[in-house]
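Visitor: Structure file model.cif (mmCIF, C-alpha atoms) is given on the next line.
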data_target
loop_
_atom_site.label_atom_id
_atom_site.label_comp_id
_atom_site.auth_asym_id
_atom_site.auth_seq_id
_atom_site.Cartn_x
_atom_site.Cartn_y
_atom_site.Cartn_z
CA MET J 1341 -126.03 -12.13 159.14
CA SER J 1342 -123.21 -13.87 160.98
CA LYS J 1343 -120.10 -11.89 161.90
CA LYS J 1344 -117.94 -13.96 159.50
CA ARG J 1345 -120.29 -13.39 156.58
CA PHE J 1346 -120.43 -9.67 157.37
CA ILE J 1347 -116.63 -9.39 157.31
CA TRP J 1348 -116.38 -11.30 154.02
CA THR J 1349 -119.05 -9.10 152.45
CA LEU J 1350 -117.19 -6.02 153.58
CA VAL J 1351 -113.92 -7.37 152.15
CA VAL J 1352 -115.58 -8.09 148.79
CA ILE J 1353 -117.13 -4.62 148.67
CA ILE J 1354 -113.76 -3.03 149.48
CA LEU J 1355 -112.04 -5.13 146.80
CA ILE J 1356 -114.68 -4.16 144.22
CA LEU J 1357 -114.35 -0.46 145.11
CA ALA J 1358 -110.55 -0.71 145.02
CA GLY J 1359 -110.75 -2.44 141.65
CA LEU J 1360 -113.07 0.23 140.27
CA TYR J 1361 -110.80 2.99 141.58
CA GLY J 1362 -107.75 1.25 140.09
CA TYR J 1363 -109.47 0.85 136.72
CA LYS J 1364 -110.62 4.48 136.76
CA GLU J 1365 -107.11 5.67 137.67
CA TYR J 1366 -105.46 3.43 135.04
CA THR J 1367 -107.72 4.67 132.24
CA ARG J 1368 -107.77 8.33 133.37
CA THR J 1369 -106.97 10.78 130.58
CA ASN J 1370 -105.50 14.25 130.96
CA LYS J 1371 -108.00 16.87 132.07
CA LYS J 1372 -109.33 19.14 129.33
CA LEU J 1373 -108.38 22.76 129.99
CA THR J 1374 -111.50 24.35 128.52
CA LYS J 1375 -113.07 24.83 131.94
CA VAL J 1376 -109.88 25.15 134.01
CA HIS J 1377 -109.12 28.59 135.38
CA PRO J 1378 -105.57 29.66 134.46
CA ASP J 1379 -103.01 30.19 137.21
CA PHE J 1380 -101.43 33.03 135.24
CA SER J 1381 -102.38 35.36 132.37
CA ILE J 1382 -99.49 36.93 130.51
CA SER J 1383 -98.34 38.08 127.08
CA ALA J 1384 -96.13 35.77 125.02
CA ASP J 1385 -93.31 38.32 124.92
CA SER J 1386 -93.38 38.82 128.72
CA LEU J 1387 -93.39 35.08 129.33
CA ILE J 1388 -90.40 34.55 127.06
CA SER J 1389 -88.61 37.49 128.67
CA GLU J 1390 -89.03 35.96 132.16
CA PHE J 1391 -87.24 32.82 131.01
CA GLU J 1392 -84.53 34.72 129.16
CA LYS J 1393 -83.74 36.77 132.27
CA ALA J 1394 -83.99 34.11 135.02
CA ASP J 1395 -84.99 30.68 133.76
CA SER J 1396 -84.74 28.72 137.02
CA VAL J 1397 -86.91 31.26 138.87
CA ALA J 1398 -89.43 31.29 136.03
CA TYR J 1399 -89.45 27.48 135.85
CA GLN J 1400 -90.31 27.17 139.54
CA LYS J 1401 -93.03 29.77 139.13
CA TYR J 1402 -94.74 28.10 136.18
CA ASP J 1403 -93.97 24.39 136.74
CA ASP J 1404 -97.10 22.29 136.21
CA LYS J 1405 -99.29 25.42 136.05
CA VAL J 1406 -101.95 26.47 133.53
CA ILE J 1407 -101.01 29.67 131.72
CA GLU J 1408 -103.19 31.85 129.53
CA VAL J 1409 -100.95 33.48 126.92
CA THR J 1410 -101.81 36.34 124.56
CA GLY J 1411 -99.68 36.81 121.51
CA VAL J 1412 -99.33 37.13 117.75
CA ILE J 1413 -99.56 33.84 115.85
CA LYS J 1414 -96.18 33.83 114.09
CA ASN J 1415 -96.16 30.29 112.80
CA SER J 1416 -98.20 27.12 112.86
CA SER J 1417 -98.08 23.47 111.91
CA MET J 1418 -101.60 22.13 111.50
CA GLU J 1419 -100.16 18.71 110.65
CA ASN J 1420 -98.84 18.55 114.22
CA PHE J 1421 -101.60 20.87 115.53
CA ILE J 1422 -99.28 23.41 117.11
CA ILE J 1423 -99.03 27.20 116.92
CA LEU J 1424 -96.21 29.56 117.86
CA LEU J 1425 -96.91 32.89 119.57
CA GLY J 1426 -94.49 35.75 119.88
CA ASP J 1427 -92.62 38.53 118.11
CA PRO J 1428 -92.45 37.61 114.38
CA GLY J 1429 -89.08 39.37 114.17
CA LYS J 1430 -87.47 37.09 116.76
CA LEU J 1431 -86.79 33.37 116.88
CA SER J 1432 -88.02 32.92 120.47
CA ALA J 1433 -91.61 31.72 120.80
CA VAL J 1434 -94.27 30.28 123.06
CA LYS J 1435 -95.02 26.88 121.52
CA CYS J 1436 -98.66 25.92 122.04
CA GLU J 1437 -99.45 22.27 121.33
CA LEU J 1438 -103.19 22.29 120.80
CA ASP J 1439 -105.43 19.67 122.39
CA THR J 1440 -105.97 17.15 119.57
CA SER J 1441 -109.43 16.19 120.84
CA PHE J 1442 -110.62 19.57 119.52
CA ARG J 1443 -108.93 19.20 116.12
CA LYS J 1444 -112.14 19.23 114.10
CA ASP J 1445 -113.43 22.33 115.92
CA VAL J 1446 -110.39 24.55 115.32
CA PRO J 1447 -110.12 26.44 112.02
CA ASP J 1448 -106.70 27.02 110.48
CA PRO J 1449 -105.01 29.80 112.47
CA VAL J 1450 -104.25 33.05 110.66
CA ILE J 1451 -100.59 34.07 110.77
CA GLY J 1452 -100.42 37.60 112.20
CA ALA J 1453 -103.67 37.31 114.15
CA ILE J 1454 -103.66 37.83 117.90
CA ALA J 1455 -104.73 34.80 119.88
CA VAL J 1456 -105.33 33.96 123.52
CA VAL J 1457 -104.32 30.39 124.29
CA LYS J 1458 -104.60 28.52 127.57
CA GLY J 1459 -102.16 25.66 128.13
CA HIS J 1460 -100.27 23.54 130.62
CA PHE J 1461 -96.62 24.50 131.07
CA VAL J 1462 -94.25 21.63 130.27
CA GLY J 1463 -90.90 23.37 130.03
CA PHE J 1464 -88.63 25.70 128.14
CA GLN J 1465 -85.72 25.38 125.75
CA LYS J 1466 -83.08 27.99 126.28
CA ASP J 1467 -81.17 29.43 123.36
CA GLU J 1468 -77.93 27.54 123.88
CA LEU J 1469 -76.00 25.90 121.09
CA MET J 1470 -78.88 25.60 118.69
CA GLY J 1471 -79.27 29.36 118.14
CA LEU J 1472 -83.03 29.09 117.73
CA GLY J 1473 -84.07 31.46 120.51
CA THR J 1474 -85.70 30.66 123.84
CA ASP J 1475 -88.94 28.70 123.62
CA VAL J 1476 -91.57 28.18 126.30
CA ASN J 1477 -93.63 25.01 125.75
CA LEU J 1478 -97.28 24.54 126.63
CA ASN J 1479 -99.40 21.49 125.85
CA ARG J 1480 -103.09 20.52 126.00
CA CYS J 1481 -103.75 24.04 124.71
CA VAL J 1482 -107.17 25.45 123.94
CA PHE J 1483 -108.10 28.79 122.46
CA ALA J 1484 -109.51 31.03 125.17
CA VAL J 1485 -110.62 34.06 123.14
CA LYS J 1486 -109.64 35.10 119.63
CA ILE J 1487 -109.26 38.85 119.83
CA LYS J 1488 -108.77 40.17 116.33
CA GLU J 1489 -107.15 39.62 112.97
CA MET L 710 -61.67 43.26 81.12
CA LYS L 711 -59.61 41.33 83.68
CA GLN L 712 -61.25 43.31 86.49
CA PHE L 713 -64.69 42.56 85.06
CA LEU L 714 -63.94 38.83 84.91
CA ALA L 715 -62.56 38.87 88.44
CA ILE L 716 -65.69 40.60 89.78
CA PHE L 717 -67.92 38.26 87.77
CA PHE L 718 -66.27 35.09 89.11
CA LEU L 719 -66.11 36.48 92.65
CA SER L 720 -69.85 37.29 92.55
CA PHE L 721 -70.61 33.83 91.17
CA PHE L 722 -68.54 32.23 93.94
CA ILE L 723 -70.25 34.29 96.68
CA LEU L 724 -73.72 33.41 95.33
CA LYS L 725 -72.86 29.71 95.10
CA VAL L 726 -71.50 29.65 98.66
CA SER L 727 -74.51 31.52 100.06
CA PHE L 728 -76.96 29.07 98.43
CA THR L 729 -75.19 26.00 99.78
CA GLN L 730 -74.60 27.38 103.30
CA GLU L 731 -78.24 27.29 104.25
CA LYS L 732 -79.40 26.05 107.59
CA TYR L 733 -82.79 24.46 108.00
CA PHE L 734 -84.82 24.30 111.19
CA THR L 735 -88.11 23.51 112.84
CA LYS L 736 -89.60 23.95 116.29
CA THR L 737 -92.58 21.71 115.56
CA GLY L 738 -90.94 18.43 114.67
CA LYS L 739 -92.50 15.13 115.69
CA ILE L 740 -90.94 12.21 117.53
CA GLN L 741 -92.87 9.13 118.62
CA PHE L 742 -91.79 6.22 120.70
CA PHE L 743 -93.40 2.81 120.81
CA SER L 744 -93.11 -0.06 123.28
CA LYS L 745 -94.58 -3.43 122.38
CA THR L 746 -95.23 -6.27 124.82
CA SER L 747 -97.69 -9.14 124.89
CA ALA L 748 -99.56 -7.38 127.73
CA GLU L 749 -99.77 -3.90 126.30
CA ASN L 750 -98.57 -1.53 123.57
CA ILE L 751 -97.59 1.94 124.69
CA ASP L 752 -96.94 4.88 122.45
CA ALA L 753 -96.34 8.58 123.03
CA THR L 754 -95.79 11.57 120.76
CA ASN L 755 -93.85 14.80 121.12
CA ARG L 756 -94.95 17.47 118.64
CA SER L 757 -92.56 20.28 119.47
CA VAL L 758 -89.14 18.93 118.67
CA ALA L 759 -86.50 21.54 117.80
CA VAL L 760 -84.19 20.58 114.94
CA ILE L 761 -81.42 22.40 113.13
CA LEU L 762 -79.60 21.06 110.07
CA ASP L 763 -76.61 22.65 108.36
CA SER L 764 -76.83 21.59 104.71
CA LYS L 765 -73.20 22.51 104.08
CA THR L 766 -71.60 20.44 106.83
CA GLY L 767 -74.36 17.91 107.48
CA ASP L 768 -74.38 18.82 111.17
CA ILE L 769 -77.75 18.05 112.69
CA GLN L 770 -79.12 18.63 116.19
CA PHE L 771 -82.36 17.65 117.88
CA ALA L 772 -83.69 18.86 121.24
CA VAL L 773 -86.76 17.32 122.91
CA LEU L 774 -88.49 18.24 126.16
CA MET L 775 -89.33 14.98 127.93
CA LYS L 776 -92.47 16.42 129.54
CA GLY L 777 -93.71 17.15 126.04
CA PHE L 778 -94.40 13.46 125.33
CA GLU L 779 -98.16 12.92 125.36
CA PHE L 780 -99.71 9.59 126.30
CA LYS L 781 -103.33 8.45 125.96
CA LYS L 782 -103.40 7.62 129.67
CA ALA L 783 -102.52 10.29 132.25
CA LEU L 784 -101.17 7.77 134.80
CA MET L 785 -98.74 6.39 132.25
CA GLN L 786 -97.55 9.92 131.44
CA GLU L 787 -97.05 10.66 135.12
CA HIS L 788 -95.07 7.45 135.69
CA PHE L 789 -93.00 8.12 132.56
CA ASN L 790 -91.96 11.52 133.91
CA THR L 791 -91.58 10.74 137.63
CA LYS L 792 -90.32 7.13 137.64
CA TYR L 793 -88.69 6.34 134.30
CA VAL L 794 -87.06 9.36 132.62
CA GLU L 795 -87.12 11.55 135.80
CA SER L 796 -87.89 14.61 133.69
CA ASP L 797 -87.51 17.05 136.60
CA LYS L 798 -83.84 16.01 136.86
CA PHE L 799 -83.28 15.47 133.13
CA PRO L 800 -85.77 17.74 131.33
CA LYS L 801 -84.32 17.40 127.84
CA ALA L 802 -83.08 14.74 125.45
CA GLU L 803 -80.63 15.82 122.76
CA PHE L 804 -78.99 14.42 119.68
CA LYS L 805 -75.92 16.04 118.13
CA GLY L 806 -74.50 14.43 115.06
CA GLN L 807 -73.86 14.51 111.39
CA VAL L 808 -75.29 13.27 108.14
CA THR L 809 -72.24 11.18 107.19
CA ASN L 810 -73.14 10.98 103.49
CA ASN L 811 -74.03 14.68 103.29
CA SER L 812 -72.27 15.11 99.93
CA GLU L 813 -74.84 12.74 98.38
CA ILE L 814 -77.78 14.91 99.48
CA LYS L 815 -78.77 17.54 96.92
CA TYR L 816 -80.52 20.08 99.13
CA THR L 817 -81.45 22.32 96.21
CA THR L 818 -82.91 19.58 94.01
CA ASP L 819 -86.31 18.03 94.76
CA GLY L 820 -86.03 14.36 95.57
CA THR L 821 -85.79 11.75 98.30
CA TYR L 822 -82.32 10.85 99.47
CA ASN L 823 -81.15 8.05 101.76
CA ALA L 824 -79.27 9.50 104.68
CA LYS L 825 -76.86 7.99 107.18
CA VAL L 826 -76.67 9.73 110.52
CA LYS L 827 -74.15 9.28 113.30
CA GLY L 828 -73.87 11.13 116.56
CA LYS L 829 -74.43 11.27 120.28
CA LEU L 830 -77.80 10.83 121.95
CA THR L 831 -78.18 12.16 125.48
CA LEU L 832 -81.14 10.78 127.40
CA HIS L 833 -81.71 10.56 131.16
CA GLY L 834 -78.29 12.11 131.70
CA VAL L 835 -76.50 9.36 129.73
CA THR L 836 -74.76 9.99 126.39
CA LYS L 837 -74.33 7.18 123.87
CA ASP L 838 -73.09 6.94 120.31
CA VAL L 839 -75.89 6.11 117.91
CA GLU L 840 -76.02 5.42 114.19
CA SER L 841 -79.08 5.30 112.06
CA THR L 842 -80.39 5.58 108.53
CA GLY L 843 -83.26 7.67 107.32
CA THR L 844 -84.45 9.80 104.45
CA ILE L 845 -84.12 13.46 103.60
CA THR L 846 -86.84 14.63 101.23
CA VAL L 847 -86.43 17.93 99.43
CA LYS L 848 -89.54 19.52 98.00
CA SER L 849 -89.99 23.17 97.02
CA GLY L 850 -87.31 24.40 99.39
CA LYS L 851 -88.62 22.41 102.35
CA ILE L 852 -86.69 19.54 103.92
CA THR L 853 -88.37 16.56 105.60
CA VAL L 854 -86.21 14.35 107.79
CA THR L 855 -87.51 10.90 108.72
CA SER L 856 -85.90 8.03 110.54
CA VAL L 857 -86.79 4.95 112.55
CA PHE L 858 -84.40 3.41 115.05
CA ASN L 859 -84.42 1.52 118.33
CA ILE L 860 -82.89 2.21 121.71
CA LEU L 861 -82.56 0.04 124.82
CA LEU L 862 -83.77 1.64 128.03
CA PRO L 863 -81.04 0.06 130.22
CA ASP L 864 -78.40 1.74 128.01
CA TYR L 865 -79.65 5.07 129.37
CA SER L 866 -80.03 3.86 132.97
CA ILE L 867 -83.83 3.92 132.67
CA GLN L 868 -85.12 1.30 135.09
CA VAL L 869 -88.49 -0.35 134.62
CA PRO L 870 -89.86 -1.63 137.97
CA ALA L 871 -90.36 -5.38 138.15
CA VAL L 872 -94.11 -4.94 138.56
CA ASN L 873 -94.29 -3.17 135.17
CA ARG L 874 -91.90 -5.43 133.25
CA SER L 875 -94.70 -7.22 131.44
CA GLN L 876 -96.14 -3.91 130.22
CA ILE L 877 -93.04 -2.01 129.10
CA SER L 878 -90.40 -3.32 126.75
CA ASP L 879 -86.72 -2.47 127.20
CA ASP L 880 -86.51 -2.14 123.41
CA ILE L 881 -88.16 1.09 122.30
CA LYS L 882 -88.86 2.07 118.70
CA ILE L 883 -88.28 5.76 117.94
CA THR L 884 -89.85 7.39 114.87
CA VAL L 885 -88.65 10.80 113.73
CA ASP L 886 -90.68 12.93 111.31
CA CYS L 887 -89.66 16.59 111.02
CA SER L 888 -90.34 19.18 108.31
CA LEU L 889 -87.72 21.92 108.18
CA ASP L 890 -87.71 25.41 106.67
CA VAL L 891 -84.81 27.62 105.75
CA LEU L 892 -83.38 29.49 108.74
CA LYS L 893 -83.25 33.09 107.62
CA SER L 894 -80.21 34.83 109.08
#
As structure tokens, how would this structure be written, given the file I've shared?

Guide:
Amino acid sequence: MSKKRFIWTLVVIILILAGLYGYKEYTRTNKKLTKVHPDFSISADSLISEFEKADSVAYQKYDDKVIEVTGVIKNSSMENFIILLGDPGKLSAVKCELDTSFRKDVPDPVIGAIAVVKGHFVGFQKDELMGLGTDVNLNRCVFAVKIKE
Amino acid sequence: MKQFLAIFFLSFFILKVSFTQEKYFTKTGKIQFFSKTSAENIDATNRSVAVILDSKTGDIQFAVLMKGFEFKKALMQEHFNTKYVESDKFPKAEFKGQVTNNSEIKYTTDGTYNAKVKGKLTLHGVTKDVESTGTITVKSGKITVTSVFNILLPDYSIQVPAVNRSQISDDIKITVDCSLDVLKS
């Protein structure tokens, strides 16, 4: 093979690989958390308390991390596929947006049951003018272990 | 007899006021946005919108975490947060306003009512006056608020890079769909 032909072949191969990588990156979906090990394991009440006491410190700690949260299911919206964990007597909650790709596998959650949910931290909403308590938001959530009803 | 009548009317007044002073709220409201271009349609959904509505005054507030918008493609979600809305700098979008025809909404009678809303939308650190119409549906003590309106990204200083101009429209359609329950005090 001549040197020129070799170079052109190499360029074509590189372009094909770059194109495949670009296509793969463009169509990449968010990673499922079922097999991801959590960065933290904590109760819903403790997690909320961390944000109520020092939200900027807590935000830096949990930003972009996977958290496994244990708590009482105090509310749910199966229409939007989301459950709220926390003290039923308080407005503050850990909002767990469940991974919709598992919708058909998840039975309706039982209010009052204790659940262990693993999710990706996306932020918190402090109890400011709205008076709805402090909420910690997780998305892409999956049930880790259902303890008891 | 006069005392009895006074107590009766006072009790009636207190009951009437307490029924009409109810606030409604949700922490699981839904907001979607949609961008349409000839090259591509992009949509994203946020399922954990916080809303509070005062049925007496018509005051209504929404709060949305920008990182809570979910896209089908991870790269698009990453670009949305890092390049467009800069969610680390501006983590939340908020709307504070009022149902301007609140007196026409019968919050204790089942039905669907046309609503006019006016207020201030804060997005990407920029606050703008917005007006929209929507519906408030009352059914068995539950309130559903729906609305569709459009915003222009440049109005909120959201810059779309030239290389992405063919894929992302400046004109974004926002769809609001939130079911509210009574806020027990």

Visitor: Each residue of chain L with at least one atom at most 8 Å from chain J should appear once, together with its nearest atom pair and the corresponding distance in Å (one decimal); atoms considered: only C-alpha atoms; ordering: chain, then increasing residue number; output as JSON lines.

Guide:
{"residue": "L:Thr737", "atom": "CA", "partner": "J:Ser1417", "partner_atom": "CA", "distance": 6.8}
{"residue": "L:Gly738", "atom": "CA", "partner": "J:Asn1420", "partner_atom": "CA", "distance": 7.9}
{"residue": "L:Lys739", "atom": "CA", "partner": "J:Asn1420", "partner_atom": "CA", "distance": 7.4}
{"residue": "L:Arg756", "atom": "CA", "partner": "J:Asn1420", "partner_atom": "CA", "distance": 6.0}
{"residue": "L:Ser757", "atom": "CA", "partner": "J:Lys1435", "partner_atom": "CA", "distance": 7.3}
{"residue": "L:Ile761", "atom": "CA", "partner": "J:Met1470", "partner_atom": "CA", "distance": 6.9}
{"residue": "L:Gln770", "atom": "CA", "partner": "J:Met1470", "partner_atom": "CA", "distance": 7.4}
{"residue": "L:Leu774", "atom": "CA", "partner": "J:Gly1463", "partner_atom": "CA", "distance": 6.9}
{"residue": "L:Lys776", "atom": "CA", "partner": "J:Val1462", "partner_atom": "CA", "distance": 5.6}
{"residue": "L:Gly777", "atom": "CA", "partner": "J:Val1462", "partner_atom": "CA", "distance": 6.2}
{"residue": "L:Lys781", "atom": "CA", "partner": "J:Thr1369", "partner_atom": "CA", "distance": 6.3}
{"residue": "L:Lys782", "atom": "CA", "partner": "J:Thr1369", "partner_atom": "CA", "distance": 4.9}
{"residue": "L:Ala783", "atom": "CA", "partner": "J:Thr1369", "partner_atom": "CA", "distance": 4.8}
{"residue": "L:Leu784", "atom": "CA", "partner": "J:Tyr1366", "partner_atom": "CA", "distance": 6.1}
{"residue": "L:Met785", "atom": "CA", "partner": "J:Tyr1366", "partner_atom": "CA", "distance": 7.9}
{"residue": "L:Pro800", "atom": "CA", "partner": "J:Gly1463", "partner_atom": "CA", "distance": 7.7}

Visitor: Grab the CA of Ile852 in chain L to CA of Tyr733 in chain L distance for me, in Å with one decimal place.

Guide: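 Rounded to one decimal, the two atoms are 7.5 Å apart.
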
Visitor: Please provide as a PDB file with C-alpha atoms, keeping the file's coordinate frame all residues within 7 Å of Leu762 in chain L, with the sequence filter that same-chain residues fewer than 5 positions apart are discarded (counting all atoms listed in the file).

Guide:
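Final output, saved to result_37.pdb:
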ATOM      1  CA  LYS L 732     -79.400  26.050 107.590  1.00  0.00           C
ATOM      2  CA  TYR L 733     -82.790  24.460 108.000  1.00  0.00           C
ATOM      3  CA  PHE L 734     -84.820  24.300 111.190  1.00  0.00           C
ATOM      4  CA  GLY L 767     -74.360  17.910 107.480  1.00  0.00           C
ATOM      5  CA  ASP L 768     -74.380  18.820 111.170  1.00  0.00           C
ATOM      6  CA  ILE L 769     -77.750  18.050 112.690  1.00  0.00           C
ATOM      7  CA  GLN L 770     -79.120  18.630 116.190  1.00  0.00           C
TER       8      GLN L 770
END

Visitor: Work out how far apart CA of Val885 in chain L and CA of Asp1427 in chain J are and give it in Å to one decimal.

Guide: 28.4 Å

Visitor: Need to verify the contact set: Val847 in chain L, 10 Å, only C-alpha atoms, exclusion of same-chain residues closer than 4 positions in sequence. Can you return it as a list in words?

Guide: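 Answer for this query is Ile814, Lys815, Tyr816, Thr817, Thr818, Asp819, Gly820, Thr821, Tyr822, Lys851, Ile852, Thr853, Val854, Ser888 and Leu889 of chain L.
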
Visitor: Can I get the selected residues back with C-alpha atoms, as a PDB file, in the coordinates of the input?

Guide:
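Okay, selection_4.pdb is ready:
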ATOM      1  CA  ILE L 814     -77.780  14.910  99.480  1.00  0.00           C
ATOM      2  CA  LYS L 815     -78.770  17.540  96.920  1.00  0.00           C
ATOM      3  CA  TYR L 816     -80.520  20.080  99.130  1.00  0.00           C
ATOM      4  CA  THR L 817     -81.450  22.320  96.210  1.00  0.00           C
ATOM      5  CA  THR L 818     -82.910  19.580  94.010  1.00  0.00           C
ATOM      6  CA  ASP L 819     -86.310  18.030  94.760  1.00  0.00           C
ATOM      7  CA  GLY L 820     -86.030  14.360  95.570  1.00  0.00           C
ATOM      8  CA  THR L 821     -85.790  11.750  98.300  1.00  0.00           C
ATOM      9  CA  TYR L 822     -82.320  10.850  99.470  1.00  0.00           C
ATOM     10  CA  LYS L 851     -88.620  22.410 102.350  1.00  0.00           C
ATOM     11  CA  ILE L 852     -86.690  19.540 103.920  1.00  0.00           C
ATOM     12  CA  THR L 853     -88.370  16.560 105.600  1.00  0.00           C
ATOM     13  CA  VAL L 854     -86.210  14.350 107.790  1.00  0.00           C
ATOM     14  CA  SER L 888     -90.340  19.180 108.310  1.00  0.00           C
ATOM     15  CA  LEU L 889     -87.720  21.920 108.180  1.00  0.00           C
TER      16      LEU L 889
END

Visitor: Take CA of Phe778 in chain L and CA of Asp879 in chain L and report the distance between them in Å, one decimal.

Guide: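 Separation of CA of Phe778 in chain L and CA of Asp879 in chain L: 17.8 Å.
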
Visitor: Residue by residue, what does the PyMOL selection byres ((chain L and resi 745-749) around 9) grab here? Present the result as a list of chain:residue names.

Guide: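 Output from the PyMOL selection byres ((chain L and resi 745-749) around 9), applied to this file: L:Phe743, L:Ser744, L:Asn750, L:Ile751, L:Asp752, L:Ser875, L:Gln876, L:Ile877, L:Ser878, L:Asp880, L:Ile881, L:Lys882.
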
Visitor: List every protein, DNA or RNA residue that has an atom no more than 8 Å from (-100.6, 34.6, 127.4) in the file's coordinate frame, counting all atoms listed in the file, and report them as a count of residues only.

Guide: 13

Visitor: Quick one: apply the PyMOL selection byres ((chain J and resi 1449) around 8) to the file and drop the selected residues here as JSON, numbers by chain.

Guide: {"J": [1413, 1416, 1423, 1447, 1448, 1450, 1451, 1453]}

Visitor: Using C-alpha atoms, can you export the residues from the last selection as a PDB file, keeping the file's coordinate frame?

Guide:
ATOM      1  CA  ILE J1413     -99.560  33.840 115.850  1.00  0.00           C
ATOM      2  CA  SER J1416     -98.200  27.120 112.860  1.00  0.00           C
ATOM      3  CA  ILE J1423     -99.030  27.200 116.920  1.00  0.00           C
ATOM      4  CA  PRO J1447    -110.120  26.440 112.020  1.00  0.00           C
ATOM      5  CA  ASP J1448    -106.700  27.020 110.480  1.00  0.00           C
ATOM      6  CA  VAL J1450    -104.250  33.050 110.660  1.00  0.00           C
ATOM      7  CA  ILE J1451    -100.590  34.070 110.770  1.00  0.00           C
ATOM      8  CA  ALA J1453    -103.670  37.310 114.150  1.00  0.00           C
TER       9      ALA J1453
END

Visitor: Can you work out which one of J:Thr1474, J:Thr1440, J:Val1376, J:Val1434 has the shortest atom-to-atom distance to Ala1455 in chain J, counting only C-alpha atoms?

Guide: J:Val1434
